[in-house]
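Just start12.pdb here, PDB, C-alpha atoms:
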```pdb
ATOM      1  CA  MET M 259      62.488 123.894  39.230  1.00  0.00           C
ATOM      2  CA  SER M 260      63.468 127.173  37.556  1.00  0.00           C
ATOM      3  CA  PRO M 261      66.908 127.692  36.019  1.00  0.00           C
ATOM      4  CA  LYS M 262      69.507 129.454  38.163  1.00  0.00           C
ATOM      5  CA  GLN M 263      69.421 133.187  37.571  1.00  0.00           C
ATOM      6  CA  GLY M 264      72.695 135.038  37.131  1.00  0.00           C
ATOM      7  CA  PRO M 265      73.837 137.946  39.283  1.00  0.00           C
ATOM      8  CA  LEU M 266      72.058 140.562  37.140  1.00  0.00           C
ATOM      9  CA  THR M 267      68.626 140.476  38.743  1.00  0.00           C
ATOM     10  CA  ASP M 268      65.565 142.534  37.884  1.00  0.00           C
ATOM     11  CA  ALA M 269      66.545 145.036  40.609  1.00  0.00           C
ATOM     12  CA  VAL M 270      69.949 145.534  38.998  1.00  0.00           C
ATOM     13  CA  ARG M 271      68.352 145.916  35.560  1.00  0.00           C
ATOM     14  CA  LEU M 272      65.884 148.504  36.826  1.00  0.00           C
ATOM     15  CA  ALA M 273      68.600 150.536  38.529  1.00  0.00           C
ATOM     16  CA  ALA M 274      70.745 150.370  35.377  1.00  0.00           C
ATOM     17  CA  HIS M 275      67.803 151.608  33.323  1.00  0.00           C
ATOM     18  CA  HIS M 276      67.577 154.694  35.573  1.00  0.00           C
ATOM     19  CA  SER M 277      71.306 155.461  35.378  1.00  0.00           C
ATOM     20  CA  VAL M 278      72.676 157.646  32.596  1.00  0.00           C
ATOM     21  CA  LEU M 279      76.369 156.862  33.045  1.00  0.00           C
ATOM     22  CA  CYS M 280      78.393 154.073  34.503  1.00  0.00           C
ATOM     23  CA  TRP M 281      81.992 154.175  35.663  1.00  0.00           C
ATOM     24  CA  LEU M 282      84.365 151.439  34.569  1.00  0.00           C
ATOM     25  CA  ALA M 283      87.374 150.832  36.798  1.00  0.00           C
ATOM     26  CA  THR M 284      90.414 149.065  35.366  1.00  0.00           C
ATOM     27  CA  VAL M 285      94.038 148.748  36.400  1.00  0.00           C
ATOM     28  CA  ASP M 286      97.163 148.949  34.266  1.00  0.00           C
ATOM     29  CA  ALA M 287     100.194 146.633  34.269  1.00  0.00           C
ATOM     30  CA  ASN M 288     101.816 148.755  37.002  1.00  0.00           C
ATOM     31  CA  GLY M 289      98.766 148.554  39.257  1.00  0.00           C
ATOM     32  CA  GLN M 290      97.689 152.146  38.524  1.00  0.00           C
ATOM     33  CA  PRO M 291      93.884 152.370  38.661  1.00  0.00           C
ATOM     34  CA  ASN M 292      91.817 154.132  36.029  1.00  0.00           C
ATOM     35  CA  VAL M 293      88.140 155.055  36.281  1.00  0.00           C
ATOM     36  CA  SER M 294      86.388 156.115  33.106  1.00  0.00           C
ATOM     37  CA  PRO M 295      82.776 157.235  32.598  1.00  0.00           C
ATOM     38  CA  LYS M 296      80.877 155.260  29.975  1.00  0.00           C
ATOM     39  CA  GLU M 297      77.794 156.642  28.265  1.00  0.00           C
ATOM     40  CA  VAL M 298      76.904 153.671  26.046  1.00  0.00           C
ATOM     41  CA  TRP M 299      76.417 150.463  27.986  1.00  0.00           C
ATOM     42  CA  ALA M 300      73.755 147.837  28.568  1.00  0.00           C
ATOM     43  CA  ILE M 301      72.975 144.741  30.551  1.00  0.00           C
ATOM     44  CA  ALA M 302      73.079 141.727  28.234  1.00  0.00           C
ATOM     45  CA  GLY M 303      71.492 138.676  29.803  1.00  0.00           C
ATOM     46  CA  ASP M 304      71.795 137.458  33.373  1.00  0.00           C
ATOM     47  CA  GLN M 305      75.598 137.516  33.571  1.00  0.00           C
ATOM     48  CA  HIS M 306      76.975 140.122  31.175  1.00  0.00           C
ATOM     49  CA  VAL M 307      77.264 143.865  30.726  1.00  0.00           C
ATOM     50  CA  VAL M 308      78.434 145.308  27.422  1.00  0.00           C
ATOM     51  CA  VAL M 309      80.198 148.645  27.100  1.00  0.00           C
ATOM     52  CA  ALA M 310      80.849 150.384  23.794  1.00  0.00           C
ATOM     53  CA  HIS M 311      84.464 151.242  23.053  1.00  0.00           C
ATOM     54  CA  ILE M 312      83.976 154.606  21.393  1.00  0.00           C
ATOM     55  CA  ALA M 313      86.898 156.529  22.857  1.00  0.00           C
ATOM     56  CA  SER M 314      88.353 154.254  25.528  1.00  0.00           C
ATOM     57  CA  PRO M 315      91.926 153.339  24.574  1.00  0.00           C
ATOM     58  CA  CYS M 316      93.110 153.288  28.199  1.00  0.00           C
ATOM     59  CA  SER M 317      90.290 150.981  29.331  1.00  0.00           C
ATOM     60  CA  VAL M 318      90.894 148.649  26.383  1.00  0.00           C
ATOM     61  CA  ARG M 319      94.653 148.547  26.987  1.00  0.00           C
ATOM     62  CA  ASN M 320      94.178 147.900  30.711  1.00  0.00           C
ATOM     63  CA  ILE M 321      91.662 145.093  30.128  1.00  0.00           C
ATOM     64  CA  ALA M 322      94.080 143.404  27.731  1.00  0.00           C
ATOM     65  CA  GLN M 323      96.691 143.402  30.509  1.00  0.00           C
ATOM     66  CA  SER M 324      94.433 142.747  33.491  1.00  0.00           C
ATOM     67  CA  PRO M 325      90.831 141.690  32.806  1.00  0.00           C
ATOM     68  CA  GLN M 326      89.466 142.202  36.341  1.00  0.00           C
ATOM     69  CA  VAL M 327      87.128 145.213  36.339  1.00  0.00           C
ATOM     70  CA  CYS M 328      84.545 146.978  38.429  1.00  0.00           C
ATOM     71  CA  LEU M 329      81.585 148.805  36.912  1.00  0.00           C
ATOM     72  CA  SER M 330      79.394 151.072  39.052  1.00  0.00           C
ATOM     73  CA  PHE M 331      76.244 153.023  38.363  1.00  0.00           C
ATOM     74  CA  VAL M 332      73.985 155.164  40.536  1.00  0.00           C
ATOM     75  CA  ASP M 333      70.632 156.811  39.957  1.00  0.00           C
ATOM     76  CA  VAL M 334      71.691 160.332  40.985  1.00  0.00           C
ATOM     77  CA  PHE M 335      68.202 161.267  42.131  1.00  0.00           C
ATOM     78  CA  VAL M 336      67.358 158.237  44.286  1.00  0.00           C
ATOM     79  CA  GLN M 337      71.045 157.873  45.216  1.00  0.00           C
ATOM     80  CA  LYS M 338      71.082 154.111  44.923  1.00  0.00           C
ATOM     81  CA  GLY M 339      72.822 151.827  42.477  1.00  0.00           C
ATOM     82  CA  PHE M 340      75.101 148.842  42.126  1.00  0.00           C
ATOM     83  CA  LYS M 341      78.755 147.891  41.924  1.00  0.00           C
ATOM     84  CA  LEU M 342      79.425 145.001  39.552  1.00  0.00           C
ATOM     85  CA  SER M 343      82.731 143.154  39.645  1.00  0.00           C
ATOM     86  CA  GLY M 344      83.846 140.762  36.973  1.00  0.00           C
ATOM     87  CA  VAL M 345      86.134 139.826  34.146  1.00  0.00           C
ATOM     88  CA  ALA M 346      86.178 141.779  30.881  1.00  0.00           C
ATOM     89  CA  ARG M 347      87.304 141.026  27.374  1.00  0.00           C
ATOM     90  CA  GLU M 348      87.332 143.031  24.180  1.00  0.00           C
ATOM     91  CA  VAL M 349      85.281 141.821  21.212  1.00  0.00           C
ATOM     92  CA  ARG M 350      86.451 143.575  18.062  1.00  0.00           C
ATOM     93  CA  ALA M 351      84.315 144.571  15.095  1.00  0.00           C
ATOM     94  CA  ASN M 352      85.772 141.800  12.910  1.00  0.00           C
ATOM     95  CA  ASP M 353      84.992 139.093  15.488  1.00  0.00           C
ATOM     96  CA  PRO M 354      82.040 136.826  14.549  1.00  0.00           C
ATOM     97  CA  GLU M 355      80.307 137.493  17.884  1.00  0.00           C
ATOM     98  CA  PHE M 356      80.624 141.294  17.636  1.00  0.00           C
ATOM     99  CA  SER M 357      77.181 141.864  16.082  1.00  0.00           C
ATOM    100  CA  ALA M 358      75.364 139.984  18.823  1.00  0.00           C
ATOM    101  CA  TRP M 359      77.151 141.780  21.672  1.00  0.00           C
ATOM    102  CA  ALA M 360      76.994 145.189  19.961  1.00  0.00           C
ATOM    103  CA  ALA M 361      73.287 145.020  19.028  1.00  0.00           C
ATOM    104  CA  PRO M 362      71.858 146.769  22.127  1.00  0.00           C
ATOM    105  CA  LEU M 363      74.604 149.400  21.943  1.00  0.00           C
ATOM    106  CA  GLN M 364      74.037 150.104  18.233  1.00  0.00           C
ATOM    107  CA  VAL M 365      70.381 150.850  19.004  1.00  0.00           C
ATOM    108  CA  MET M 366      71.527 153.431  21.546  1.00  0.00           C
ATOM    109  CA  VAL M 367      74.063 155.219  19.334  1.00  0.00           C
ATOM    110  CA  GLY M 368      72.472 154.967  15.893  1.00  0.00           C
ATOM    111  CA  GLN M 369      74.768 156.901  13.558  1.00  0.00           C
ATOM    112  CA  ARG M 370      76.057 159.235  16.275  1.00  0.00           C
ATOM    113  CA  PHE M 371      79.168 157.210  17.193  1.00  0.00           C
ATOM    114  CA  THR M 372      81.237 154.426  15.698  1.00  0.00           C
ATOM    115  CA  ILE M 373      81.612 151.512  18.071  1.00  0.00           C
ATOM    116  CA  GLN M 374      85.207 150.360  17.627  1.00  0.00           C
ATOM    117  CA  SER M 375      84.768 147.264  19.778  1.00  0.00           C
ATOM    118  CA  VAL M 376      82.689 146.011  22.684  1.00  0.00           C
ATOM    119  CA  LEU M 377      83.923 145.389  26.205  1.00  0.00           C
ATOM    120  CA  VAL M 378      82.061 142.309  27.425  1.00  0.00           C
ATOM    121  CA  ILE M 379      82.040 141.971  31.200  1.00  0.00           C
ATOM    122  CA  ARG M 380      81.101 138.654  32.794  1.00  0.00           C
ATOM    123  CA  VAL M 381      79.763 139.755  36.174  1.00  0.00           C
ATOM    124  CA  THR M 382      80.887 137.616  39.096  1.00  0.00           C
ATOM    125  CA  SER M 383      79.567 139.681  42.017  1.00  0.00           C
ATOM    126  CA  VAL M 384      77.083 142.446  42.680  1.00  0.00           C
ATOM    127  CA  ALA M 385      76.913 144.814  45.660  1.00  0.00           C
ATOM    128  CA  SER M 386      74.424 147.571  46.310  1.00  0.00           C
ATOM    129  CA  ILE M 387      75.455 151.212  46.551  1.00  0.00           C
ATOM    130  CA  VAL M 388      73.352 153.511  48.722  1.00  0.00           C
ATOM    131  CA  ALA M 389      73.840 157.043  49.962  1.00  0.00           C
ATOM    132  CA  PRO M 390      74.929 157.207  53.630  1.00  0.00           C
ATOM    133  CA  SER M 391      71.662 158.927  54.591  1.00  0.00           C
ATOM    134  CA  TYR M 392      69.780 155.657  54.088  1.00  0.00           C
ATOM    135  CA  ARG M 393      72.011 153.962  56.658  1.00  0.00           C
ATOM    136  CA  PHE M 394      72.540 156.749  59.201  1.00  0.00           C
ATOM    137  CA  TYR M 395      69.040 158.249  59.099  1.00  0.00           C
ATOM    138  CA  PRO M 396      66.781 155.344  58.099  1.00  0.00           C
ATOM    139  CA  ASP M 397      63.675 156.740  59.812  1.00  0.00           C
ATOM    140  CA  GLU M 398      63.738 159.989  57.849  1.00  0.00           C
ATOM    141  CA  THR M 399      65.383 158.989  54.573  1.00  0.00           C
ATOM    142  CA  THR M 400      63.163 157.772  51.773  1.00  0.00           C
ATOM    143  CA  GLU M 401      63.643 157.560  48.042  1.00  0.00           C
ATOM    144  CA  GLN M 402      61.221 160.489  47.719  1.00  0.00           C
ATOM    145  CA  SER M 403      63.183 162.638  50.186  1.00  0.00           C
ATOM    146  CA  GLN M 404      66.402 161.827  48.333  1.00  0.00           C
ATOM    147  CA  VAL M 405      64.819 162.751  44.988  1.00  0.00           C
ATOM    148  CA  GLU M 406      63.530 166.048  46.415  1.00  0.00           C
ATOM    149  CA  SER M 407      66.962 166.853  47.839  1.00  0.00           C
ATOM    150  CA  ALA M 408      68.699 165.992  44.559  1.00  0.00           C
ATOM    151  CA  LEU M 409      66.253 168.070  42.521  1.00  0.00           C
ATOM    152  CA  GLU M 410      66.979 171.035  44.785  1.00  0.00           C
ATOM    153  CA  THR M 411      70.736 170.456  44.716  1.00  0.00           C
ATOM    154  CA  TYR M 412      70.822 170.189  40.922  1.00  0.00           C
ATOM    155  CA  GLY M 413      68.310 173.030  40.415  1.00  0.00           C
ATOM    156  CA  VAL M 414      65.919 170.782  38.493  1.00  0.00           C
ATOM    157  CA  GLN M 415      62.222 171.540  38.277  1.00  0.00           C
ATOM    158  CA  PRO M 416      59.951 168.480  38.345  1.00  0.00           C
ATOM    159  CA  GLN M 417      58.013 168.038  35.091  1.00  0.00           C
ATOM    160  CA  GLY M 418      54.773 169.953  35.111  1.00  0.00           C
ATOM    161  CA  ALA M 419      56.005 172.409  37.760  1.00  0.00           C
ATOM    162  CA  SER M 420      55.643 176.064  36.903  1.00  0.00           C
ATOM    163  CA  THR M 421      57.754 178.922  38.158  1.00  0.00           C
TER
END
```
Representation of the structure as structure tokens:
Amino acid sequence: MSPKQGPLTDAVRLAAHHSVLCWLATVDANGQPNVSPKEVWAIAGDQHVVVAHIASPCSVRNIAQSPQVCLSFVDVFVQKGFKLSGVAREVRANDPEFSAWAAPLQVMVGQRFTIQSVLVIRVTSVASIVAPSYRFYPDETTEQSQVESALETYGVQPQGAST
């Protein structure tokens, strides 16, 4: 019998790998929501996502007051991704576990940024995000058609294409 896998499956990992940014949603003590884009983040194991605190004082303050968070990411070309809900905590640079949690993030930033602390999110639920076209026009919507549409919308030339 294999061990129970956490909520961060291979499909979630693959989608995360194809997403440049994620958006971290927190809420302050007054219930005011805040959504902040995060550039440096990684999946860490089957149950955790780590986010670098580089310039995120509002997210850090909100998590200290209310640890429930939502993190979403979408591959903008395929227009699919995931919404992860969970509980976050801040691990500061002087904490003994900081190095382990920060390791994948340090590889990403090198010397470019200083990671002040790491937001460790224990994921409790995962839901897929898909563009409405997949649901309303399933017979004509494919990942390839979505990519082609996104490339046109963003004015991106596929690699190897000449003008």
Each residue of stretch 287-336 of chain M lying at most 10 Å from stretch 266-282 of chain M should get a row with its shortest atom-to-atom pair and the distance in Å to one decimal, counting only C-alpha atoms; could you produce that, ordered by chain and increasing number, as JSON lines?
```
{"residue": "M:Asn292", "atom": "CA", "partner": "M:Leu282", "partner_atom": "CA", "distance": 8.1}
{"residue": "M:Val293", "atom": "CA", "partner": "M:Leu282", "partner_atom": "CA", "distance": 5.5}
{"residue": "M:Ser294", "atom": "CA", "partner": "M:Leu282", "partner_atom": "CA", "distance": 5.3}
{"residue": "M:Pro295", "atom": "CA", "partner": "M:Trp281", "partner_atom": "CA", "distance": 4.4}
{"residue": "M:Lys296", "atom": "CA", "partner": "M:Cys280", "partner_atom": "CA", "distance": 5.3}
{"residue": "M:Glu297", "atom": "CA", "partner": "M:Leu279", "partner_atom": "CA", "distance": 5.0}
{"residue": "M:Val298", "atom": "CA", "partner": "M:Leu279", "partner_atom": "CA", "distance": 7.7}
{"residue": "M:Trp299", "atom": "CA", "partner": "M:Cys280", "partner_atom": "CA", "distance": 7.7}
{"residue": "M:Ala300", "atom": "CA", "partner": "M:Ala274", "partner_atom": "CA", "distance": 7.9}
{"residue": "M:Ile301", "atom": "CA", "partner": "M:Arg271", "partner_atom": "CA", "distance": 6.9}
{"residue": "M:Ala302", "atom": "CA", "partner": "M:Leu266", "partner_atom": "CA", "distance": 9.0}
{"residue": "M:Gly303", "atom": "CA", "partner": "M:Leu266", "partner_atom": "CA", "distance": 7.6}
{"residue": "M:Asp304", "atom": "CA", "partner": "M:Leu266", "partner_atom": "CA", "distance": 4.9}
{"residue": "M:Gln305", "atom": "CA", "partner": "M:Leu266", "partner_atom": "CA", "distance": 5.9}
{"residue": "M:His306", "atom": "CA", "partner": "M:Leu266", "partner_atom": "CA", "distance": 7.7}
{"residue": "M:Val307", "atom": "CA", "partner": "M:Leu266", "partner_atom": "CA", "distance": 8.9}
{"residue": "M:Val309", "atom": "CA", "partner": "M:Leu282", "partner_atom": "CA", "distance": 9.0}
{"residue": "M:Ser317", "atom": "CA", "partner": "M:Leu282", "partner_atom": "CA", "distance": 7.9}
{"residue": "M:Val327", "atom": "CA", "partner": "M:Leu282", "partner_atom": "CA", "distance": 7.0}
{"residue": "M:Cys328", "atom": "CA", "partner": "M:Leu282", "partner_atom": "CA", "distance": 5.9}
{"residue": "M:Leu329", "atom": "CA", "partner": "M:Leu282", "partner_atom": "CA", "distance": 4.5}
{"residue": "M:Ser330", "atom": "CA", "partner": "M:Trp281", "partner_atom": "CA", "distance": 5.3}
{"residue": "M:Phe331", "atom": "CA", "partner": "M:Cys280", "partner_atom": "CA", "distance": 4.5}
{"residue": "M:Val332", "atom": "CA", "partner": "M:Ser277", "partner_atom": "CA", "distance": 5.8}
{"residue": "M:Asp333", "atom": "CA", "partner": "M:Ser277", "partner_atom": "CA", "distance": 4.8}
{"residue": "M:Val334", "atom": "CA", "partner": "M:Ser277", "partner_atom": "CA", "distance": 7.4}
{"residue": "M:Phe335", "atom": "CA", "partner": "M:His276", "partner_atom": "CA", "distance": 9.3}
{"residue": "M:Val336", "atom": "CA", "partner": "M:His276", "partner_atom": "CA", "distance": 9.4}
```
Open item on the list: So the first atom is atom CA of M:Ser375 and the second is atom CA of M:Val349; what is the distance between them in Å, to one decimal place?
Closed with: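 One can read the atom CA of M:Ser375 to atom CA of M:Val349 distance as 5.7 Å.
When atom CA of M:Asp286 is paired with atom CA of M:Ser314, their separation reads 13.5 Å.
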Task: d(atom CA of M:Ser343, atom CA of M:Asn320) in Å - done: 15.3 Å
Show me, as JSON lines, the residues of stretch 282-327 of chain M having an atom within 6 Å of stretch 358-374 of chain M, each with the closest atom pair and its distance in Å, using only C-alpha atoms.
```
{"residue": "M:Ala310", "atom": "CA", "partner": "M:Ile373", "partner_atom": "CA", "distance": 5.9}
{"residue": "M:His311", "atom": "CA", "partner": "M:Gln374", "partner_atom": "CA", "distance": 5.5}
{"residue": "M:Ile312", "atom": "CA", "partner": "M:Ile373", "partner_atom": "CA", "distance": 5.1}
```
TODO: Pick out the closest residue to M:Phe356 from this set: M:Asp397, M:Gln402, M:Val308, M:Gln326. Count all atoms listed in the file.
DONE: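 Nearest to M:Phe356: M:Val308.
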Surrounding residues of M:Ser324 excluding itself and chain neighbours under 3 positions, 9 Å, all atoms listed in the file, as a PDB file with C-alpha atoms, in the frame of the given file:
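File produced: selection_14.pdb:
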```
ATOM      1  CA  THR M 284      90.414 149.065  35.366  1.00  0.00           C
ATOM      2  CA  VAL M 285      94.038 148.748  36.400  1.00  0.00           C
ATOM      3  CA  ASP M 286      97.163 148.949  34.266  1.00  0.00           C
ATOM      4  CA  ALA M 287     100.194 146.633  34.269  1.00  0.00           C
ATOM      5  CA  ARG M 319      94.653 148.547  26.987  1.00  0.00           C
ATOM      6  CA  ASN M 320      94.178 147.900  30.711  1.00  0.00           C
ATOM      7  CA  ILE M 321      91.662 145.093  30.128  1.00  0.00           C
ATOM      8  CA  VAL M 327      87.128 145.213  36.339  1.00  0.00           C
ATOM      9  CA  VAL M 345      86.134 139.826  34.146  1.00  0.00           C
ATOM     10  CA  ALA M 346      86.178 141.779  30.881  1.00  0.00           C
TER      11      ALA M 346
END
```
Please enclose the listed atoms of stretch 358-368 of chain M in an axis-aligned box, pad each side by 8 Å, and write out the centre and the three edge lengths in Å, rounded to one decimal, as JSON.
```
{"center_x": 73.8, "center_y": 147.6, "center_z": 19.0, "size_x": 22.8, "size_y": 31.2, "size_z": 22.2}
```
Task: Selection result for the PyMOL selection byres ((chain M and resi 392) around 12) on this file, as number ranges by chain - done: M: 336-338, 387-391, 393-404
- [ ] Go through M:Glu410, M:Arg347, M:Val405, M:Gln323 one by one, measure the shortest atom-to-atom distance of each to M:Arg380 using only C-alpha atoms, and give the residue with the smallest value.
- [x] M:Arg347
Task: Selected residue of minimal separation from M:Leu342 among M:Ala283, M:Val414, M:Ala322, M:Leu377, counting all atoms listed in the file - done: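 Result for the nearest residue to M:Leu342: M:Ala283.
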Task: Selected residue of minimal separation from M:Phe340 among M:Ser407, M:Asn288, M:Asn352, M:Ser383, counting only C-alpha atoms - done: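 Once distances to M:Phe340 are computed over only C-alpha atoms, the minimum belongs to M:Ser383.
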